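Enquirer: One structure, pasted below without further comment.
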2 protein chains.
Amino acid sequence: MSEELDERKLTILKAVIQNYLETGEPVGSRTISKYTDLNLSSATIRNEMADLEEMGYILQPHTSAGRIPSDKGYRLYVDNLMKEREAQLEQKEQEVDDMKTFLVDKMDRLEGMLQNMAKSLAVNTNYAAMITAPQYTRNKIKFIQLSAVEPAKLLCVVVTQSKLIKNKILEIPEEISNEDVLKLNVMLNTSLAGLALEEINLAMISQMTGQAGSLNQILRAVIDAVAEAFDSEENLEIYTSGATNIFKYPELSDRENASKLISTLEEKKVLAGLLTDSMNSEKNNGIQIYIGDETPVQTMKDCSVVTATYELEDGVRGTIGIIGPKRMDYEKVVETLNQVKQQLGSAYPKPDAGEKS
Amino acid sequence: MSEELDERKLTILKAVIQNYLETGEPVGSRTISKYTDLNLSSATIRNEMADLEEMGYILQPHTSAGRIPSDKGYRLYVDNLMKEREAQLEQKEQEVDDMKTFLVDKMDRLEGMLQNMAKSLAVNTNYAAMITAPQYTRNKIKFIQLSAVEPAKLLCVVVTQSKLIKNKILEIPEEISNEDVLKLNVMLNTSLAGLALEEINLAMISQMTGQAGSLNQILRAVIDAVAEAFDSEENLEIYTSGATNIFKYPELSDRENASKLISTLEEKKVLAGLLTDSMNSEKNNGIQIYIGDETPVQTMKDCSVVTATYELEDGVRGTIGIIGPKRMDYEKVVETLNQVKQQLGSAYPKPDAGEKS
DNA sequence: TATTAGCACTCCTTAGATATGAGTGCTAAT
DNA sequence: ATTAGCACTCATATCTAAGGAGTGCTAATA
């Protein structure tokens with residue numbers, strides 16, 4: 001593109017966007033003329049704004065309304081204009097504290113924690129929040145415990161290195177003696193402990209079943225159970241909160257749209273797609289911003305979505321997403337997500353975080 | 001009350017209510033005159049309706065609109081007028097089948113099942129649905145398993161008779177030998193298996209800790225963990241679905257109210273109160289109907305709430321709730337809830353179900 | 001005596017018509 | 001290059017009138 005944005009145009013664009021972020025109303029030239037310290041009259045601003053509109057950074061909802069940012073405008077803002085915060089920390093600390101108490105609160109129950117986290121995010125940002133339970137890729141098995149609960153039923157508990165616990169009751173074809181249970185336990189733990197799911201290959205399994213002899217069949221059932229416990233499809237749990245925050249933004253709350261949007265937030269599968277998608281693209285410190293049409297989910301085309309990947313420890317990763325109007329407070333959201341990432345990631349600095357793309 | 005409703009008034013009232021349930025619009029005398037087989041002119045109906053209004057069963061939103069049922073009218077309808085269904089079973093079976101597949105699908109994972117159940121209820125009824133995970137009152141311990149996961153960490157797994165599994169990792173002050181773990185396991189299982197939480201009393205605990213000797217401290221930690229696992233406060237999980245169905249009913253969807261209502265559906269604690277309240281009153285086959293102001297939750301005063309208690313097996317009970325407009329299809333909802341109750345209650349006929357109060 | 005037809009009346013709803021005002025684009029002056 | 005000024009646009013709010021559904025009442029009917 002040959003159009004170049006000079007300093008003044010940038011300032012004006014930024015002013016327009018920031019003002020619109022706050023108010024949600026189209027912003028007029030007179031407002032800008034006073035809002036900035038450029039000391040320009042509204043007329044001058046008008047001329048500049050006409051240019052900006054022609055370049056596609058802002059647009060008018062209708063003739064003779066003020067201007068609102070276009071998707072392109074938001075994009076520019078997000079990419080270049082907004083990274084000048086980090087300054088006001090006074091009230092920040094309060095918020096961080098709130099966040100921490102939330103986190104510490106129920107830390108040992110992952111599920112409750114994630115739910116709390118989603119809620120806390122929603123309350124903090126005033127947007128809708130969603131969060132996936134961590135995926136267990138590369139997460140290592142720490143401990144497997146079989147116990148005979150009933151004659152023909154085995155309880156199988158799997159603990160992973162990150163202290164996630166999965167359990168399942170297996171129905172087995174015949175009774176099993178205590179010694180056999182013990183034998184299986186030893187076998188499983190010596191062979192599998194310390195391995196990630198991906199590292200368990202066929203050769204290993206056949207070797208084990210060879211050793212198992214008559215317990216062969218049961219062993220297979222157990223291994224299946226372990227695999228299932230780790231299976232990400234099955235485990236894709238998503239927690240959402242603050243769906244109704246949507247109503248705080250008039251531009252989203254006409255019945256038609258709001259209703260669809262909130263329904264989407266109940267559709268875990270759709271969200272799953274969205275979140276895992278963004279988990280894999282590791283740009284910009286793992287934080288990704290989708291503006292309007294950029295989001296993969298059609299019902300959210302009038303929103304913006306910000307996602308972040310968190311990493312509990314090596315290989316145990318999940319995604320957080322914030323959904324709000326296009327005019328969301330990107331800076332605050334990005335900041336908040338970064339904080340949360342930190343809280344969650346237990347001091348495992350990524351080898352290559354990769355500054356912005 | 002000295003007013004008596006003769007046969008004809010009842011018929012008319014019923015017609016008014018049923019019509020209003022379908023349309024959501026105030027219903028006029030002419031409509032009734034044709035809708036019923038009374039063969040009365042609109043004028044006669046008008047007279048009767050004037051009477052009904054005076055008695056408080058119906059009311060006019062404004063002069064010269066049709067009539068809509070009052071809370072009192074709904075109450076009469078629910079109590080006396082509506083129990084004449086059970087007839088049309090053709091399409092019913094389809095729905096029941098749908099329900100079943102939903103249920104069977106993930107039966108072994110309680111949580112997923114409940115979530116699915118809520119969803120299925122919401123889809124089936126077009127109202128909002130919520131469901132509590134079962135409370136463990138009177139649910140018996142089947143099996144306790146301790147395992148040393150790390151030197152100073154014990155994994156404690158509790159399986160109940162209804163195959164619910166709870167687990168927790170305990171930090172213990174000092175290392176523990178394998179023999180001691182074994183010893184504890186034996187001790188716990190012989191003493192506690194087969195007991196419900198309420199049956200574990202202080203005498204028993206002190207007897208056990210007496211036996212435990214040096215393991216005393218750990219034993220206490222384990223018992224605490226068991227108690228916590230069963231603690232209903234902690235465990236009160238509620239699953240909701242179909243919140244947006246609210247929008248299908250214009251009388252509820254003005255922004256102010258709808259927003260509050262949906263927020264309430266995210267407030268698990270409030271719902272918890274509502275649902276456990278109704279769990280304890282066992283009228284009418286465990287199904288309870290709150291109309292308008294009758295509900296304990298203020299934000300729902302323009303809705304009706306129908307709750308049902310389900311019982312997985314003796315002592316393991318939870319509650320289901322359906323939230324919709326006052327003009328909800330009570331018959332269908334009650335029917336659906338009864339079906340669900342049946343599906344869930346695994347053929348444990350209650351000793352005294354108690355026909356309607 | 002119970003029912004019905006008829007009519008005047010009420011009042012919500014809708015559509016059109018009017019006014020308000022925020023904001024623009026353009027032109028001429030600085 | 002900037003600005004003041006003015007005519008113009010168009011969404012929004014306000015008002016009015018027309019339309020219509022439904023009622024209550026009265027007088028006629030079976």
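Labeling convention for the structure tokens: chains A, B, ... as they appear, residues from 1 per chain, ligands from 1 in order of appearance.
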If we count only C-alpha atoms (C1' of nucleotides) and set the cut-off at 12 Å, which residues sit around DT13 in chain C, ignoring sequence neighbours fewer than 3 positions away in its own chain? Please answer as a VMD selection string.
Expert: (chain B and resid 65) or (chain D and resid 18 to 21)
Enquirer: DSSP on the backbone: which residues in range 183-288 of chain A end up as strand (DSSP E or B)? Give the answer as a ChimeraX atom specification.
Expert: /A:196,238-241,287-288
Enquirer: Identify every residue of chain B that has at least one atom within 9 Å of any atom of chain A, counting only C-alpha atoms, and report the result as a VMD selection string.
Expert: chain B and resid 108 to 109 142 to 143 145 147 149 155 157 159 163 165 167 to 169 241 to 245 247 253 255 259 to 260 262 to 263 266
Enquirer: Could you produce a table of the residues of chain C lying within 12 Å of chain A, with the nearest pair of atoms per residue and their separation in Å rounded to one decimal, using only C-alpha atoms (C1' of nucleotides), ordered by chain and increasing residue number, as a Markdown table?
Expert:
```
| residue | atom | partner | partner_atom | distance |
| --- | --- | --- | --- | --- |
| C:DG21 | C1' | A:Ala65 | CA | 11.3 |
| C:DA22 | C1' | A:Ala65 | CA | 7.3 |
| C:DG23 | C1' | A:Ser64 | CA | 5.0 |
| C:DT24 | C1' | A:Ser64 | CA | 4.8 |
| C:DG25 | C1' | A:Arg46 | CA | 8.7 |
| C:DC26 | C1' | A:Ala43 | CA | 10.5 |
```
Enquirer: Go through chain D and flag each residue having an atom no more than 10 Å from chain A; for those, report the closest pair of atoms plus their distance in Å to one decimal, using only C-alpha atoms (C1' of nucleotides), ordered by chain and rising number, as CSV.
Expert:
```
residue,atom,partner,partner_atom,distance
D:DA1,C1',A:Thr44,CA,9.4
D:DT2,C1',A:Thr44,CA,6.8
D:DT3,C1',A:Ser41,CA,6.7
D:DA4,C1',A:Ala43,CA,8.7
D:DC8,C1',A:Ser64,CA,9.5
D:DT9,C1',A:Ser64,CA,6.1
D:DC10,C1',A:Thr63,CA,6.7
D:DA11,C1',A:His62,CA,8.4
```
Enquirer: One decimal, Å: what's the distance from CA of Met82 in chain A over to CA of Ala128 in chain A, could you say?
Expert: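 Separation between CA of Met82 in chain A and CA of Ala128 in chain A: 21.9 Å.
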